[in-house]
file run_24.cif (mmCIF, C-alpha atoms and all ligand atoms)
data_protein
#
loop_
_atom_site.label_atom_id
_atom_site.label_comp_id
_atom_site.auth_asym_id
_atom_site.auth_seq_id
_atom_site.Cartn_x
_atom_site.Cartn_y
_atom_site.Cartn_z
CA MET A 8 29.31 30.61 55.26
CA ASN A 9 30.48 33.06 52.57
CA ILE A 10 28.34 36.05 51.63
CA ILE A 11 28.57 39.10 49.38
CA LEU A 12 27.32 42.55 50.37
CA LEU A 13 26.29 44.38 47.23
CA GLY A 14 25.39 48.06 47.13
CA PRO A 15 26.58 51.50 46.08
CA PRO A 16 29.34 53.39 47.90
CA GLY A 17 27.92 54.78 51.15
CA ALA A 18 25.17 52.15 51.40
CA GLY A 19 26.64 51.06 54.72
CA LYS A 20 28.35 47.85 53.56
CA GLY A 21 31.36 48.36 55.84
CA THR A 22 29.23 49.15 58.89
CA GLN A 23 26.95 46.18 58.29
CA ALA A 24 29.88 43.86 57.54
CA LYS A 25 31.49 44.74 60.88
CA MET A 26 28.19 44.01 62.68
CA LEU A 27 27.79 40.72 60.80
CA MET A 28 31.33 39.75 61.81
CA GLU A 29 30.21 39.94 65.41
CA ALA A 30 26.78 38.37 64.86
CA LYS A 31 27.90 35.50 62.66
CA GLY A 32 31.64 35.10 63.34
CA LEU A 33 32.52 35.82 59.71
CA VAL A 34 35.62 37.69 58.49
CA GLN A 35 35.18 41.00 56.62
CA LEU A 36 36.99 40.92 53.29
CA SER A 37 36.98 44.54 52.09
CA THR A 38 38.90 45.13 48.88
CA GLY A 39 38.73 48.89 49.56
CA ASP A 40 40.46 48.40 52.94
CA MET A 41 43.03 46.07 51.37
CA LEU A 42 43.78 48.54 48.58
CA ARG A 43 44.03 51.48 51.02
CA ALA A 44 46.50 49.44 53.09
CA ALA A 45 48.53 48.74 49.93
CA VAL A 46 48.55 52.45 49.01
CA LYS A 47 49.67 53.37 52.53
CA ALA A 48 52.43 50.76 52.50
CA GLY A 49 53.56 51.88 49.01
CA THR A 50 53.50 48.32 47.61
CA PRO A 51 53.50 47.79 43.79
CA VAL A 52 49.71 47.18 43.96
CA GLY A 53 49.28 50.36 46.00
CA LEU A 54 51.32 52.41 43.55
CA GLN A 55 49.14 51.22 40.67
CA ALA A 56 45.86 51.72 42.52
CA LYS A 57 46.43 55.13 44.14
CA ALA A 58 45.51 57.53 41.31
CA VAL A 59 42.48 55.47 40.21
CA MET A 60 41.12 55.40 43.75
CA GLU A 61 41.63 59.13 44.23
CA ALA A 62 39.65 59.77 41.02
CA GLY A 63 36.80 57.48 42.09
CA GLY A 64 37.39 54.94 39.32
CA LEU A 65 37.74 51.17 39.58
CA VAL A 66 41.09 49.48 40.07
CA SER A 67 41.82 46.86 37.37
CA ASP A 68 40.10 43.50 37.69
CA ASP A 69 43.44 41.63 37.60
CA ILE A 70 44.83 43.47 40.62
CA VAL A 71 41.66 43.10 42.68
CA ILE A 72 41.12 39.43 41.80
CA GLY A 73 44.76 38.74 42.71
CA ILE A 74 44.47 40.21 46.21
CA VAL A 75 41.16 38.43 46.84
CA SER A 76 42.61 35.10 45.68
CA ASP A 77 45.53 35.46 48.11
CA ARG A 78 43.22 36.42 50.97
CA LEU A 79 40.99 33.38 50.36
CA ASP A 80 43.97 31.16 51.13
CA GLU A 81 44.38 32.53 54.65
CA ALA A 82 43.24 30.41 57.57
CA ASP A 83 40.75 32.82 59.18
CA VAL A 84 38.72 33.23 55.98
CA ARG A 85 38.79 29.50 55.22
CA GLU A 86 37.75 28.51 58.73
CA GLN A 87 35.24 31.26 59.58
CA GLY A 88 33.89 32.30 56.16
CA ALA A 89 33.99 35.68 54.41
CA ILE A 90 31.76 38.73 54.04
CA PHE A 91 32.82 40.19 50.70
CA ASP A 92 32.51 43.96 51.07
CA GLY A 93 33.08 45.97 47.88
CA PHE A 94 33.90 42.88 45.83
CA PRO A 95 32.92 41.84 43.20
CA ARG A 96 32.32 45.18 41.52
CA THR A 97 32.29 44.07 37.86
CA GLN A 98 31.01 41.06 35.94
CA PRO A 99 34.57 39.74 35.26
CA GLN A 100 35.22 39.93 39.03
CA ALA A 101 31.99 38.03 39.74
CA GLU A 102 32.93 35.33 37.22
CA ALA A 103 36.47 35.15 38.66
CA LEU A 104 35.05 34.78 42.17
CA ASP A 105 32.84 31.88 41.03
CA LYS A 106 35.95 30.15 39.67
CA LEU A 107 38.09 30.92 42.73
CA LEU A 108 35.47 29.51 45.08
CA VAL A 109 35.26 26.27 43.10
CA GLU A 110 39.07 25.97 42.92
CA LYS A 111 39.44 26.56 46.64
CA GLY A 112 36.57 24.26 47.64
CA LEU A 113 34.43 27.11 49.03
CA THR A 114 30.77 27.97 48.41
CA LEU A 115 28.79 31.19 48.14
CA ASP A 116 25.75 31.08 50.41
CA ALA A 117 24.02 34.41 49.82
CA VAL A 118 24.30 37.81 48.19
CA ILE A 119 22.68 40.66 50.09
CA ASN A 120 21.76 43.64 47.98
CA MET A 121 21.46 46.90 49.94
CA ALA A 122 18.92 49.01 48.07
CA VAL A 123 19.52 52.76 48.51
CA GLU A 124 18.78 55.90 46.52
CA ASP A 125 21.66 57.91 45.07
CA GLU A 126 21.15 61.38 46.50
CA PRO A 127 21.27 60.58 50.25
CA LEU A 128 24.49 58.67 49.62
CA VAL A 129 26.46 61.81 48.95
CA GLY A 130 25.54 63.16 52.40
CA ARG A 131 26.13 59.82 54.07
CA ILE A 132 29.61 59.50 52.61
CA SER A 133 30.66 63.11 53.14
CA GLY A 134 29.93 62.85 56.87
CA ARG A 135 31.73 59.63 57.65
CA PHE A 136 35.02 59.06 59.45
CA THR A 137 36.80 56.18 61.17
CA CYS A 138 39.01 55.60 64.15
CA GLY A 139 42.57 55.45 62.82
CA ASP A 140 43.56 53.01 65.57
CA CYS A 141 40.79 50.37 65.72
CA GLY A 142 38.89 51.05 62.47
CA GLU A 143 35.49 51.71 64.10
CA GLY A 144 33.28 53.68 61.71
CA TYR A 145 31.39 56.89 62.63
CA HIS A 146 29.23 59.54 61.00
CA LYS A 147 28.93 63.18 62.06
CA GLU A 148 25.11 62.92 61.96
CA PHE A 149 24.05 59.26 62.10
CA LYS A 150 26.64 57.65 64.36
CA LYS A 151 28.50 60.10 66.59
CA PRO A 152 30.95 58.88 69.25
CA ALA A 153 29.29 58.92 72.71
CA VAL A 154 31.95 61.42 73.85
CA GLU A 155 32.89 63.90 71.13
CA GLY A 156 36.37 63.29 69.76
CA VAL A 157 36.85 59.95 71.55
CA CYS A 158 36.44 56.51 69.96
CA ASP A 159 33.75 54.47 71.79
CA LYS A 160 35.64 51.26 71.20
CA CYS A 161 39.29 52.00 71.96
CA GLY A 162 39.39 55.52 73.46
CA SER A 163 41.61 56.91 70.69
CA SER A 164 41.24 60.49 69.38
CA ASN A 165 42.95 59.65 66.12
CA PHE A 166 40.03 60.00 63.67
CA LYS A 167 40.52 59.75 59.90
CA PHE A 168 38.57 60.90 56.83
CA ARG A 169 39.06 59.08 53.52
CA ALA A 170 40.62 61.10 50.69
CA ASP A 171 37.95 59.84 48.27
CA ASP A 172 35.00 60.79 50.50
CA ASN A 173 34.45 64.19 48.89
CA GLU A 174 31.43 65.12 46.76
CA GLU A 175 33.18 65.13 43.36
CA THR A 176 34.81 61.73 43.87
CA VAL A 177 31.64 60.28 45.37
CA ARG A 178 29.74 61.21 42.20
CA GLU A 179 32.39 59.41 40.11
CA ARG A 180 32.15 56.37 42.40
CA LEU A 181 28.37 56.35 41.95
CA LYS A 182 28.80 56.46 38.16
CA ALA A 183 31.17 53.49 38.35
CA TYR A 184 28.64 51.69 40.53
CA HIS A 185 25.78 52.17 38.05
CA ALA A 186 27.89 51.29 34.99
CA ASP A 187 29.78 48.27 36.33
CA THR A 188 28.39 47.00 39.62
CA ALA A 189 24.59 47.39 39.46
CA PRO A 190 24.39 44.79 36.62
CA LEU A 191 25.55 42.23 39.20
CA ILE A 192 22.07 42.39 40.74
CA ASP A 193 20.80 40.52 37.65
CA TYR A 194 23.85 38.24 37.66
CA TYR A 195 23.13 37.07 41.21
CA THR A 196 19.34 37.06 40.82
CA ALA A 197 19.89 34.38 38.19
CA THR A 198 21.72 32.22 40.77
CA GLY A 199 18.74 32.38 43.17
CA LYS A 200 21.05 33.63 45.94
CA LEU A 201 20.15 37.34 45.93
CA LYS A 202 18.28 38.81 48.88
CA THR A 203 17.43 42.51 48.94
CA VAL A 204 17.22 44.63 52.10
CA ASP A 205 16.07 48.25 52.38
CA GLY A 206 19.33 50.11 53.04
CA MET A 207 17.52 53.39 53.73
CA LYS A 208 16.44 52.19 57.18
CA GLY A 209 18.44 52.76 60.37
CA ILE A 210 21.67 50.83 61.00
CA ASP A 211 20.13 48.35 63.49
CA GLU A 212 17.03 47.71 61.36
CA VAL A 213 19.16 46.98 58.31
CA GLN A 214 21.28 44.57 60.35
CA ALA A 215 18.18 42.78 61.66
CA ALA A 216 16.86 42.44 58.10
CA MET A 217 20.19 41.00 56.97
CA VAL A 218 20.35 38.46 59.77
CA ALA A 219 16.74 37.46 59.01
CA ALA A 220 17.55 37.14 55.30
CA LEU A 221 20.53 34.90 56.09
CA GLU A 222 18.53 32.72 58.44
CA GLY A 223 15.36 32.63 56.36
P1 LIG B 1 35.45 51.08 48.93
O1 LIG B 1 36.21 51.19 50.22
O2 LIG B 1 34.84 49.72 48.74
O3 LIG B 1 34.48 52.20 48.72
O4 LIG B 1 36.55 51.22 47.77
C1 LIG B 1 37.32 52.39 47.60
C2 LIG B 1 37.94 52.42 46.24
O5 LIG B 1 38.82 51.29 46.08
C3 LIG B 1 36.96 52.32 45.09
O6 LIG B 1 36.41 53.58 44.73
C4 LIG B 1 37.86 51.75 43.98
O7 LIG B 1 38.71 52.74 43.45
C5 LIG B 1 38.73 50.77 44.76
N1 LIG B 1 38.12 49.43 44.84
C6 LIG B 1 37.68 48.78 45.96
N2 LIG B 1 37.18 47.57 45.67
C7 LIG B 1 37.29 47.44 44.32
C8 LIG B 1 36.93 46.42 43.40
N3 LIG B 1 36.33 45.28 43.79
N4 LIG B 1 37.19 46.64 42.08
C9 LIG B 1 37.78 47.77 41.66
N5 LIG B 1 38.14 48.79 42.47
C10 LIG B 1 37.90 48.62 43.80
#
call {"tool": "encode", "arguments": {"input": "run_24.cif", "output": "structure tokens"}}
result
Amino acid sequence: MNIILLGPPGAGKGTQAKMLMEAKGLVQLSTGDMLRAAVKAGTPVGLQAKAVMEAGGLVSDDIVIGIVSDRLDEADVREQGAIFDGFPRTQPQAEALDKLLVEKGLTLDAVINMAVEDEPLVGRISGRFTCGDCGEGYHKEFKKPAVEGVCDKCGSSNFKFRADDNEETVRERLKAYHADTAPLIDYYTATGKLKTVDGMKGIDEVQAAMVAALEG
């Protein structure tokens, strides 16, 4: 099974993708994570993407499509299926994904649209952080570690905040979402594969709605 999670930055795509990985045995394919890894490693892709990401803009379609194409050739994605998180973000990316899936003999089963209002997103994003060792996501209000300063999953105290999770950049990312990504709701509605869940609900309720949408 291959599915797309669609929604603005801060909708909870990463959190829900990680839960779906466990529930459905799928592999999370997050272009944001892949690009951040490239920036950290100082690869040619990372060097090109860094400034755009820091400003809250979109990295070029060619770069992003290239890294997704490579990832779709790896065994785990082919065998277990992918949850696309943060991709596609533009119509050319959506069209490229359609072509890639055909070329690679894969199918798209569903697109889940997480419907959320803009204003709460700024607060959601500003409060989030992750474990630098295992990648578990947290939020200072909505999902605190059980013991302050200690990761529930791996016991690490090495927490990280993203450089682009500040109010000014978040507003730019929301603009990019409305201009380039929101039109994909119509694109996927036309395929009959779009299912919308209320992303304003609590984390577990959203997950339950997603699992129900995938099974329904
Ligand atoms: P995310 O982790 O999905 O919020 O992505 C963080 C940043 O990476 C975005 O603000 C963009 O600068 C870049 N990025 C991630 N995915 C894409 C994509 N599919 N197309 C263009 N830029 C992307």
call {"tool": "residues_around", "arguments": {"input": "run_24.cif", "residues": "region 141-154 of chain A", "least_positions_apart": "2", "cutoff": "12 Å", "atoms": "all atoms listed in the file", "output": "PyMOL selection string"}}
result
chain A and resi 17+19-26+40+130-139+156-169+208-211
call {"tool": "closest_residue", "arguments": {"input": "run_24.cif", "among": "A:Leu201, A:Val66, A:Ala48, A:Val123", "to": "Arg96 (chain A)", "atoms": "all atoms listed in the file"}}
result
A:Val66
call {"tool": "residues_near_ligand", "arguments": {"input": "run_24.cif", "ligand": "ligand LIG 1 (chain B)", "cutoff": "10 Å", "atoms": "only C-alpha atoms and all ligand atoms", "output": "mmCIF file with C-alpha atoms, keeping the file's coordinate frame"}}
result
data_model
loop_
_atom_site.group_PDB
_atom_site.id
_atom_site.type_symbol
_atom_site.label_atom_id
_atom_site.label_comp_id
_atom_site.auth_asym_id
_atom_site.auth_seq_id
_atom_site.Cartn_x
_atom_site.Cartn_y
_atom_site.Cartn_z
ATOM 1 C CA GLY A 14 25.390 48.060 47.130
ATOM 2 C CA PRO A 15 26.580 51.500 46.080
ATOM 3 C CA PRO A 16 29.340 53.390 47.900
ATOM 4 C CA GLY A 17 27.920 54.780 51.150
ATOM 5 C CA ALA A 18 25.170 52.150 51.400
ATOM 6 C CA GLY A 19 26.640 51.060 54.720
ATOM 7 C CA LYS A 20 28.350 47.850 53.560
ATOM 8 C CA GLY A 21 31.360 48.360 55.840
ATOM 9 C CA SER A 37 36.980 44.540 52.090
ATOM 10 C CA THR A 38 38.900 45.130 48.880
ATOM 11 C CA GLY A 39 38.730 48.890 49.560
ATOM 12 C CA ASP A 40 40.460 48.400 52.940
ATOM 13 C CA MET A 41 43.030 46.070 51.370
ATOM 14 C CA LEU A 42 43.780 48.540 48.580
ATOM 15 C CA ARG A 43 44.030 51.480 51.020
ATOM 16 C CA ALA A 56 45.860 51.720 42.520
ATOM 17 C CA LYS A 57 46.430 55.130 44.140
ATOM 18 C CA ALA A 58 45.510 57.530 41.310
ATOM 19 C CA VAL A 59 42.480 55.470 40.210
ATOM 20 C CA MET A 60 41.120 55.400 43.750
ATOM 21 C CA GLU A 61 41.630 59.130 44.230
ATOM 22 C CA ALA A 62 39.650 59.770 41.020
ATOM 23 C CA GLY A 63 36.800 57.480 42.090
ATOM 24 C CA GLY A 64 37.390 54.940 39.320
ATOM 25 C CA LEU A 65 37.740 51.170 39.580
ATOM 26 C CA VAL A 66 41.090 49.480 40.070
ATOM 27 C CA SER A 67 41.820 46.860 37.370
ATOM 28 C CA ASP A 68 40.100 43.500 37.690
ATOM 29 C CA ASP A 69 43.440 41.630 37.600
ATOM 30 C CA ILE A 70 44.830 43.470 40.620
ATOM 31 C CA VAL A 71 41.660 43.100 42.680
ATOM 32 C CA ILE A 72 41.120 39.430 41.800
ATOM 33 C CA ILE A 74 44.470 40.210 46.210
ATOM 34 C CA VAL A 75 41.160 38.430 46.840
ATOM 35 C CA PHE A 91 32.820 40.190 50.700
ATOM 36 C CA ASP A 92 32.510 43.960 51.070
ATOM 37 C CA GLY A 93 33.080 45.970 47.880
ATOM 38 C CA PHE A 94 33.900 42.880 45.830
ATOM 39 C CA PRO A 95 32.920 41.840 43.200
ATOM 40 C CA ARG A 96 32.320 45.180 41.520
ATOM 41 C CA THR A 97 32.290 44.070 37.860
ATOM 42 C CA GLN A 100 35.220 39.930 39.030
ATOM 43 C CA ALA A 101 31.990 38.030 39.740
ATOM 44 C CA ILE A 132 29.610 59.500 52.610
ATOM 45 C CA ARG A 169 39.060 59.080 53.520
ATOM 46 C CA ALA A 170 40.620 61.100 50.690
ATOM 47 C CA ASP A 171 37.950 59.840 48.270
ATOM 48 C CA ASP A 172 35.000 60.790 50.500
ATOM 49 C CA THR A 176 34.810 61.730 43.870
ATOM 50 C CA VAL A 177 31.640 60.280 45.370
ATOM 51 C CA GLU A 179 32.390 59.410 40.110
ATOM 52 C CA ARG A 180 32.150 56.370 42.400
ATOM 53 C CA LEU A 181 28.370 56.350 41.950
ATOM 54 C CA ALA A 183 31.170 53.490 38.350
ATOM 55 C CA TYR A 184 28.640 51.690 40.530
ATOM 56 C CA ASP A 187 29.780 48.270 36.330
ATOM 57 C CA THR A 188 28.390 47.000 39.620
#
call {"tool": "residues_near_point", "arguments": {"input": "run_24.cif", "point": "(15.3, 41.9, 59.7)", "cutoff": "12 Å", "atoms": "only C-alpha atoms", "output": "count of residues only"}}
result
21
call {"tool": "atom_distance", "arguments": {"input": "run_24.cif", "atom1": "CA of Ala122 (chain A)", "atom2": "CA of Thr198 (chain A)"}}
result
18.5 Å
call {"tool": "atom_distance", "arguments": {"input": "run_24.cif", "atom1": "CA of Ala89 (chain A)", "atom2": "CA of Leu12 (chain A)"}}
result
10.4 Å
call {"tool": "closest_residue", "arguments": {"input": "run_24.cif", "among": "A:Met8, A:Lys200, A:Asp140, A:Met28", "to": "Thr114 (chain A)", "atoms": "all atoms listed in the file"}}
result
A:Met8
call {"tool": "closest_residue", "arguments": {"input": "run_24.cif", "among": "A:His185, A:Lys47, A:Lys111, A:Lys31", "to": "Arg85 (chain A)", "atoms": "only C-alpha atoms"}}
result
A:Lys111
call {"tool": "atom_distance", "arguments": {"input": "run_24.cif", "atom1": "CA of Ala103 (chain A)", "atom2": "CA of Val34 (chain A)"}}
result
20.0 Å
call {"tool": "closest_residue", "arguments": {"input": "run_24.cif", "among": "A:Thr196, A:Pro190, A:Ala30, A:Leu107", "to": "Asp77 (chain A)", "atoms": "all atoms listed in the file"}}
result
A:Leu107
call {"tool": "axis_aligned_box", "arguments": {"input": "run_24.cif", "around": "region 60-77 of chain A", "padding_each_side": "6 Å", "output": "lines of an AutoDock Vina configuration file"}}
result
center_x = 41.2
center_y = 47.4
center_z = 42.7
size_x = 20.7
size_y = 36.7
size_z = 22.7
call {"tool": "closest_residue", "arguments": {"input": "run_24.cif", "among": "A:Gln35, A:Ser76, A:Ala44, A:Thr50", "to": "Asp105 (chain A)", "atoms": "only C-alpha atoms"}}
result
A:Ser76
call {"tool": "build_atoms", "arguments": {"input": "run_24.cif", "residues": "region 53-79 of chain A", "atoms": "N, CA, C and O atoms", "output": "mmCIF file, in the frame of the given file"}}
result
data_model
loop_
_atom_site.group_PDB
_atom_site.id
_atom_site.type_symbol
_atom_site.label_atom_id
_atom_site.label_comp_id
_atom_site.auth_asym_id
_atom_site.auth_seq_id
_atom_site.Cartn_x
_atom_site.Cartn_y
_atom_site.Cartn_z
ATOM 1 N N GLY A 53 49.693 49.045 45.502
ATOM 2 C CA GLY A 53 49.280 50.360 46.000
ATOM 3 C C GLY A 53 49.668 51.474 45.030
ATOM 4 O O GLY A 53 48.878 52.391 44.780
ATOM 5 N N LEU A 54 50.860 51.366 44.475
ATOM 6 C CA LEU A 54 51.320 52.410 43.550
ATOM 7 C C LEU A 54 50.446 52.439 42.299
ATOM 8 O O LEU A 54 50.136 53.508 41.778
ATOM 9 N N GLN A 55 50.006 51.258 41.857
ATOM 10 C CA GLN A 55 49.140 51.220 40.670
ATOM 11 C C GLN A 55 47.723 51.697 40.980
ATOM 12 O O GLN A 55 47.059 52.271 40.130
ATOM 13 N N ALA A 56 47.258 51.448 42.196
ATOM 14 C CA ALA A 56 45.860 51.720 42.520
ATOM 15 C C ALA A 56 45.602 53.169 42.941
ATOM 16 O O ALA A 56 44.494 53.677 42.785
ATOM 17 N N LYS A 57 46.624 53.844 43.459
ATOM 18 C CA LYS A 57 46.430 55.130 44.140
ATOM 19 C C LYS A 57 45.650 56.171 43.315
ATOM 20 O O LYS A 57 44.621 56.679 43.752
ATOM 21 N N ALA A 58 46.129 56.454 42.103
ATOM 22 C CA ALA A 58 45.510 57.530 41.310
ATOM 23 C C ALA A 58 44.074 57.173 40.939
ATOM 24 O O ALA A 58 43.183 58.038 40.957
ATOM 25 N N VAL A 59 43.843 55.907 40.596
ATOM 26 C CA VAL A 59 42.480 55.470 40.210
ATOM 27 C C VAL A 59 41.531 55.654 41.387
ATOM 28 O O VAL A 59 40.409 56.142 41.230
ATOM 29 N N MET A 60 41.985 55.280 42.566
ATOM 30 C CA MET A 60 41.120 55.400 43.750
ATOM 31 C C MET A 60 40.828 56.855 44.063
ATOM 32 O O MET A 60 39.702 57.212 44.406
ATOM 33 N N GLU A 61 41.845 57.699 43.940
ATOM 34 C CA GLU A 61 41.630 59.130 44.230
ATOM 35 C C GLU A 61 40.640 59.753 43.262
ATOM 36 O O GLU A 61 39.930 60.690 43.598
ATOM 37 N N ALA A 62 40.571 59.215 42.025
ATOM 38 C CA ALA A 62 39.650 59.770 41.020
ATOM 39 C C ALA A 62 38.264 59.140 41.116
ATOM 40 O O ALA A 62 37.354 59.546 40.409
ATOM 41 N N GLY A 63 38.114 58.115 41.943
ATOM 42 C CA GLY A 63 36.800 57.480 42.090
ATOM 43 C C GLY A 63 36.522 56.408 41.054
ATOM 44 O O GLY A 63 35.392 55.966 40.908
ATOM 45 N N GLY A 64 37.563 55.997 40.316
ATOM 46 C CA GLY A 64 37.390 54.940 39.320
ATOM 47 C C GLY A 64 37.597 53.564 39.936
ATOM 48 O O GLY A 64 37.794 53.437 41.145
ATOM 49 N N LEU A 65 37.549 52.537 39.090
ATOM 50 C CA LEU A 65 37.740 51.170 39.580
ATOM 51 C C LEU A 65 39.152 50.686 39.260
ATOM 52 O O LEU A 65 39.641 50.857 38.136
ATOM 53 N N VAL A 66 39.782 50.089 40.241
ATOM 54 C CA VAL A 66 41.090 49.480 40.070
ATOM 55 C C VAL A 66 40.923 48.267 39.145
ATOM 56 O O VAL A 66 39.844 47.660 39.107
ATOM 57 N N SER A 67 41.977 47.911 38.401
ATOM 58 C CA SER A 67 41.820 46.860 37.370
ATOM 59 C C SER A 67 41.390 45.523 37.994
ATOM 60 O O SER A 67 41.781 45.178 39.110
ATOM 61 N N ASP A 68 40.606 44.790 37.217
ATOM 62 C CA ASP A 68 40.100 43.500 37.690
ATOM 63 C C ASP A 68 41.251 42.579 38.103
ATOM 64 O O ASP A 68 41.167 41.902 39.125
ATOM 65 N N ASP A 69 42.331 42.554 37.309
ATOM 66 C CA ASP A 69 43.440 41.630 37.600
ATOM 67 C C ASP A 69 44.024 41.874 38.989
ATOM 68 O O ASP A 69 44.292 40.938 39.739
ATOM 69 N N ILE A 70 44.238 43.139 39.308
ATOM 70 C CA ILE A 70 44.830 43.470 40.620
ATOM 71 C C ILE A 70 43.892 43.009 41.734
ATOM 72 O O ILE A 70 44.297 42.342 42.684
ATOM 73 N N VAL A 71 42.615 43.376 41.600
ATOM 74 C CA VAL A 71 41.660 43.100 42.680
ATOM 75 C C VAL A 71 41.451 41.589 42.837
ATOM 76 O O VAL A 71 41.443 41.063 43.955
ATOM 77 N N ILE A 72 41.326 40.883 41.726
ATOM 78 C CA ILE A 72 41.120 39.430 41.800
ATOM 79 C C ILE A 72 42.348 38.768 42.448
ATOM 80 O O ILE A 72 42.218 37.851 43.258
ATOM 81 N N GLY A 73 43.526 39.280 42.126
ATOM 82 C CA GLY A 73 44.760 38.740 42.710
ATOM 83 C C GLY A 73 44.779 38.873 44.228
ATOM 84 O O GLY A 73 45.090 37.903 44.945
ATOM 85 N N ILE A 74 44.399 40.055 44.746
ATOM 86 C CA ILE A 74 44.470 40.210 46.210
ATOM 87 C C ILE A 74 43.375 39.379 46.899
ATOM 88 O O ILE A 74 43.588 38.849 47.971
ATOM 89 N N VAL A 75 42.235 39.242 46.231
ATOM 90 C CA VAL A 75 41.160 38.430 46.840
ATOM 91 C C VAL A 75 41.584 36.948 46.853
ATOM 92 O O VAL A 75 41.410 36.248 47.858
ATOM 93 N N SER A 76 42.179 36.497 45.760
ATOM 94 C CA SER A 76 42.610 35.100 45.680
ATOM 95 C C SER A 76 43.586 34.789 46.817
ATOM 96 O O SER A 76 43.456 33.770 47.499
ATOM 97 N N ASP A 77 44.551 35.682 47.026
ATOM 98 C CA ASP A 77 45.530 35.460 48.110
ATOM 99 C C ASP A 77 44.837 35.412 49.470
ATOM 100 O O ASP A 77 45.125 34.575 50.311
ATOM 101 N N ARG A 78 43.895 36.335 49.660
ATOM 102 C CA ARG A 78 43.220 36.420 50.970
ATOM 103 C C ARG A 78 42.386 35.166 51.251
ATOM 104 O O ARG A 78 42.268 34.735 52.405
ATOM 105 N N LEU A 79 41.827 34.580 50.180
ATOM 106 C CA LEU A 79 40.990 33.380 50.360
ATOM 107 C C LEU A 79 41.803 32.155 50.786
ATOM 108 O O LEU A 79 41.227 31.142 51.176
#
